[in-house]
Amino acid sequence: MSVQTATSRDEIPEEISAINLVDTRTYLEHDMDAYWRRLRADHPLYWHPPVDGKPGFWVVSRYADVMALYRDNQRLTSEKGNVLVTLLAGGDSAAGQMLAVTDGRRHKDLRNVMLKAFSPRALSKVAALVRVNARRMIAEAIRRGEGDFAAEVASVIPLTTVGGLLGVPVKDHSYLLGLTKSSLSSDEADQAPEEAFLARNEILLYFSDLVAERRADPQDDVISTLTASEIDGVPLTDQDIVFNCYSLILGGDETSRLTMIDSLYTLSREPEQWKRLKEGSVTLESATEEALRWATPAMNFGRTALVDIEMAGGTIKAGDVVTLWNTSANRDESVFDDPYVLDLGRSPNKHITFGYGPHFCLGAYLARVEVKEMLDAMRTFSDGIELTGEPRRIHSNLMAGMSTLPVRFRPDEAGLATADD
Ligand code: HEM
């Protein structure tokens with residue numbers, strides 16, 4: 001592990017060195033926009049010092065550097081973890097089995113197997129389900145007039161979507177939702193790490209049972225596709241399948257939920273942009289991309305360097321942990337005009353919300369469908385959105401967003417009349 005490199009020896013101003021990116025409270029208590037601006041401008045490769053007995057790590061903040069490192073799975077690996085919690089603990093027990101923490105030939109083969117489950121036929125079925133669910137749930141929420149959009153709509157759509165893809169029975173959705181919420185982030189600042197650990201184990205146990213059921217009685221769903229798949233003539237093991245179900249449910253649930261919540265919150269605060277959406281002067285596609293850039297629910301992912309890498313005036317040493325900050329790259333002023341302005345008609349909009357390169361998000365198409373259908377239902381059925389209280393923000397050093405969103409809707413009666421069409 002390196003501690004002495006060109007960049008780490010630089011004089012780091014107090015306002016940078018005082019920020020602890022591992023501590024989940026940091027994101028709620030500090031002006032992180034100012035921090036990222038400063039890092040992009042002056043310390044594009046910054047060595048975050050060790051904290052709380054955990055090793056230090058590199059922080060990469062510029063768009064071009066983040067892209068270059070995402071693309072590079074020769075000099076960097078995901079097999080020692082791809083999120084801070086596992087990277088700083090020294091590894092991920094699902095390495096070589098779960099897609100996101102597998103590299104090389106095995107990653108390519110596994111990704112191809114998983115892509116079968118994401119065939120256009122399977123996806124179009126799920127996309128149709130998303131549309132029906134989004135329209136129904138949003139029409140009901142608007143008819144009720146007010147409520148917590150996070151609990152009543154945004155929590156339900158993503159889990160129903162991934163659940164539908166995986167073949168999870170509807171009766172189990174709320175049980176899984178509770179587990180996914182506590183396994184990645186927390187509504188509470190002081191959730192014990194053991195709680196997250198237990199929640200993750202429960203998800204794995206749940207899927208072990210479901211895999212056994214599908215082996216005995218295959219259905220038209222992802223788990224059954226995986227049970228029938230082989231790599232080099234060797235069938236996937238139960239553990240391979242369970243890890244990847246886990247990764248789909250975690251990858252697909254919280255990220256989409258946080259994006260939907262953030263999008264509605266943002267629209268309630270940006271009347272001009274809401275008007276453009278409502279009147280149809282921006283396309284749903286460009287509004288969706290901007291909502292995704294704006295929310296950037298996955299703040300960062302990480303890698304471990306396999307060899308020394310020279311970049312941005314410094315040297316990443318073999319064995320070092322490197323974190324890639326989507327949050328910062330998506331506001332890089334050298335790529336996005338007025339990055340801190342929400343522009344639902346923004347074009348081009350090459351945001352990095354879904355990552356880039358070999359590990360590019362497998363669920364990007366589905367996530368886009370979810371956000372697009374939510375925006376479409378909202379602009380058709382509602383005439384305006386108002387906050388009725390302060391939303392609660394999540395505590396996480398991986399995800400950003402809100403866990404509650406108390407709102408009141410003005411109904412669009414003409415639009416609502418088409419809700420059941
Ligand atoms: C990978 C973000 C929705 C499944 C990724 C990565 C990002 C990301 C940044 C790259 C991770 C890395 O490079 O280490 C998001 C966001 C979403 C979203 C922001 C919603 C707004 C989904 C959905 C699914 C999903 C709906 C599943 C249905 C996956 C999987 C990977 C992945 C399996 C690993 C791909 C690989 O390693 O080859 N996602 N995701 N994601 N995502 Fe998503």
# chains A, B, ... in the order shown; residues from 1 in each chain; ligands from 1
>>> residues_near_ligand(ligand="ligand 1", cutoff="7 Å", atoms="only C-alpha atoms and all ligand atoms", output="PyMOL selection string")
chain A and resi 70+78+82+99-101+107+111+162+247-249+251-253+255-256+259+292+296-298+301-302+353-356+358-364+366-367
>>> select_by_dssp(residues="stretch 134-267 of chain A", states="alpha helix (DSSP H)", output="VMD selection string")
chain A and resid 134 to 144 149 156 to 166 173 to 184 193 to 216 222 to 227 238 to 267
>>> closest_atom_pairs(of="stretch 307-374 of chain A", to="stretch 52-59 of chain A", cutoff="8 Å", atoms="only C-alpha atoms", output="CSV")
residue,atom,partner,partner_atom,distance
A:Ile316,CA,A:Trp58,CA,7.6
A:Asp320,CA,A:Phe57,CA,6.6
A:Val321,CA,A:Phe57,CA,5.0
A:Val322,CA,A:Trp58,CA,4.6
A:Thr323,CA,A:Val59,CA,5.1
A:Leu324,CA,A:Val59,CA,6.5
A:Trp325,CA,A:Val59,CA,7.3
>>> closest_residue(among="A:Asp31, A:Glu14, A:Glu272, A:Glu202", to="A:Leu177", atoms="only C-alpha atoms")
A:Glu202
>>> closest_residue(among="A:His30, A:His48, A:Arg408, A:Arg346", to="A:Ile12", atoms="only C-alpha atoms")
A:His48
>>> select_by_dssp(residues="stretch 207-301 of chain A", states="strand (DSSP E or B)", output="ChimeraX atom specification")
/A:230-231,234-235,298,300-301
>>> atom_distance(atom1="atom CA of A:Met137", atom2="atom CA of A:Arg200")
28.3 Å
>>> atom_distance(atom1="atom CA of A:Val60", atom2="atom CA of A:Met399")
16.9 Å
>>> residues_around(residues="A:Gln74", least_positions_apart="2", cutoff="12 Å", atoms="only C-alpha atoms", output="list in words")
Ala68, Leu69, Tyr70, Arg71, Asp72, Leu76, Thr77, Ser78, Glu79, Asp103, Gly104, Arg105, Arg303, Thr304, Ala305, Leu306, Val307, Asp308, Ile309, Gly357 and Pro358 of chain A
>>> write_last_selection(atoms="N, CA and C atoms", output="PDB file, in the first residue's frame")
ATOM      1  N   ALA A  68     -11.683   6.621 -17.658  1.00  0.00           N
ATOM      2  CA  ALA A  68     -10.492   5.837 -18.033  1.00  0.00           C
ATOM      3  C   ALA A  68     -10.299   4.671 -17.056  1.00  0.00           C
ATOM      4  N   LEU A  69     -10.553   4.913 -15.780  1.00  0.00           N
ATOM      5  CA  LEU A  69     -10.332   3.836 -14.800  1.00  0.00           C
ATOM      6  C   LEU A  69     -11.457   2.795 -14.836  1.00  0.00           C
ATOM      7  N   TYR A  70     -12.698   3.242 -15.064  1.00  0.00           N
ATOM      8  CA  TYR A  70     -13.801   2.266 -15.224  1.00  0.00           C
ATOM      9  C   TYR A  70     -13.495   1.310 -16.389  1.00  0.00           C
ATOM     10  N   ARG A  71     -12.906   1.894 -17.448  1.00  0.00           N
ATOM     11  CA  ARG A  71     -12.673   1.094 -18.653  1.00  0.00           C
ATOM     12  C   ARG A  71     -11.556   0.061 -18.438  1.00  0.00           C
ATOM     13  N   ASP A  72     -10.658   0.342 -17.495  1.00  0.00           N
ATOM     14  CA  ASP A  72      -9.403  -0.396 -17.405  1.00  0.00           C
ATOM     15  C   ASP A  72      -9.504  -1.600 -16.462  1.00  0.00           C
ATOM     16  N   LEU A  76      -6.659  -2.680 -13.206  1.00  0.00           N
ATOM     17  CA  LEU A  76      -7.443  -2.558 -11.969  1.00  0.00           C
ATOM     18  C   LEU A  76      -8.364  -3.762 -11.878  1.00  0.00           C
ATOM     19  N   THR A  77      -8.674  -4.173 -10.653  1.00  0.00           N
ATOM     20  CA  THR A  77      -9.602  -5.304 -10.499  1.00  0.00           C
ATOM     21  C   THR A  77     -10.768  -4.932  -9.584  1.00  0.00           C
ATOM     22  N   SER A  78     -11.901  -5.607  -9.837  1.00  0.00           N
ATOM     23  CA  SER A  78     -13.052  -5.483  -8.940  1.00  0.00           C
ATOM     24  C   SER A  78     -13.101  -6.671  -7.980  1.00  0.00           C
ATOM     25  N   GLU A  79     -12.165  -7.602  -8.146  1.00  0.00           N
ATOM     26  CA  GLU A  79     -12.253  -8.860  -7.389  1.00  0.00           C
ATOM     27  C   GLU A  79     -11.882  -8.712  -5.912  1.00  0.00           C
ATOM     28  N   ASP A 103     -13.787 -10.586 -12.593  1.00  0.00           N
ATOM     29  CA  ASP A 103     -13.122  -9.974 -13.743  1.00  0.00           C
ATOM     30  C   ASP A 103     -12.681 -11.036 -14.741  1.00  0.00           C
ATOM     31  N   GLY A 104     -12.080 -10.569 -15.823  1.00  0.00           N
ATOM     32  CA  GLY A 104     -11.457 -11.450 -16.807  1.00  0.00           C
ATOM     33  C   GLY A 104     -12.465 -12.309 -17.539  1.00  0.00           C
ATOM     34  N   ARG A 105     -12.003 -13.483 -17.930  1.00  0.00           N
ATOM     35  CA  ARG A 105     -12.787 -14.403 -18.759  1.00  0.00           C
ATOM     36  C   ARG A 105     -14.095 -14.803 -18.047  1.00  0.00           C
ATOM     37  N   ARG A 303     -12.070   0.177  -7.091  1.00  0.00           N
ATOM     38  CA  ARG A 303     -11.257  -0.890  -7.652  1.00  0.00           C
ATOM     39  C   ARG A 303      -9.980  -1.014  -6.829  1.00  0.00           C
ATOM     40  N   THR A 304      -9.199  -2.074  -7.095  1.00  0.00           N
ATOM     41  CA  THR A 304      -7.867  -2.191  -6.509  1.00  0.00           C
ATOM     42  C   THR A 304      -6.859  -2.256  -7.660  1.00  0.00           C
ATOM     43  N   ALA A 305      -5.780  -1.481  -7.545  1.00  0.00           N
ATOM     44  CA  ALA A 305      -4.770  -1.458  -8.621  1.00  0.00           C
ATOM     45  C   ALA A 305      -3.962  -2.754  -8.588  1.00  0.00           C
ATOM     46  N   LEU A 306      -3.733  -3.310  -9.788  1.00  0.00           N
ATOM     47  CA  LEU A 306      -2.928  -4.538  -9.876  1.00  0.00           C
ATOM     48  C   LEU A 306      -1.459  -4.210 -10.148  1.00  0.00           C
ATOM     49  N   VAL A 307      -1.238  -3.032 -10.763  1.00  0.00           N
ATOM     50  CA  VAL A 307       0.135  -2.586 -11.089  1.00  0.00           C
ATOM     51  C   VAL A 307       0.204  -1.098 -10.759  1.00  0.00           C
ATOM     52  N   ASP A 308       1.400  -0.520 -10.814  1.00  0.00           N
ATOM     53  CA  ASP A 308       1.505   0.930 -10.614  1.00  0.00           C
ATOM     54  C   ASP A 308       0.850   1.648 -11.795  1.00  0.00           C
ATOM     55  N   ILE A 309       0.101   2.694 -11.514  1.00  0.00           N
ATOM     56  CA  ILE A 309      -0.580   3.453 -12.578  1.00  0.00           C
ATOM     57  C   ILE A 309      -0.239   4.932 -12.401  1.00  0.00           C
ATOM     58  N   GLY A 357     -17.737   0.977 -19.336  1.00  0.00           N
ATOM     59  CA  GLY A 357     -16.792  -0.101 -19.629  1.00  0.00           C
ATOM     60  C   GLY A 357     -17.342  -1.479 -19.307  1.00  0.00           C
ATOM     61  N   PRO A 358     -16.444  -2.427 -18.987  1.00  0.00           N
ATOM     62  CA  PRO A 358     -16.865  -3.831 -18.865  1.00  0.00           C
ATOM     63  C   PRO A 358     -17.925  -4.088 -17.789  1.00  0.00           C
TER      64      PRO A 358
END
>>> residues_around(residues="A:Ile157", least_positions_apart="4", cutoff="10 Å", atoms="only C-alpha atoms", output="ChimeraX atom specification")
/A:129-131,133-134,137,152-153,161-163,253,256-257,260,370-371,374
>>> residues_around(residues="A:Ile142", least_positions_apart="4", cutoff="12 Å", atoms="only C-alpha atoms", output="JSON, numbers by chain")
{"A": [134, 135, 136, 137, 138, 146, 147, 148, 149, 152, 153, 377, 378, 379, 380, 381, 382, 383, 384, 385, 386, 407, 408, 409, 410, 411, 412, 413, 415, 416, 419]}
>>> residues_around(residues="A:Ile352", least_positions_apart="3", cutoff="8 Å", atoms="only C-alpha atoms", output="list of chain:residue names")
A:Met67, A:Arg293, A:Asn326, A:Ala329, A:Asn330, A:Gly355, A:Tyr356
>>> residues_around(residues="stretch 227-242 of chain A", least_positions_apart="6", cutoff="6 Å", atoms="only C-alpha atoms", output="number ranges by chain")
A: 97, 207-208
>>> closest_residue(among="A:Trp294, A:Phe243, A:Phe118, A:Tyr175", to="A:Tyr365", atoms="only C-alpha atoms")
A:Phe118
>>> closest_residue(among="A:Ala212, A:Ala312, A:Leu226, A:Leu250", to="A:Leu176", atoms="only C-alpha atoms")
A:Leu250
>>> closest_residue(among="A:Val168, A:Ala417, A:Ala196, A:Met311", to="A:Glu213", atoms="only C-alpha atoms")
A:Val168
>>> atom_distance(atom1="atom CA of A:Asn300", atom2="atom CA of A:Leu398")
6.0 Å
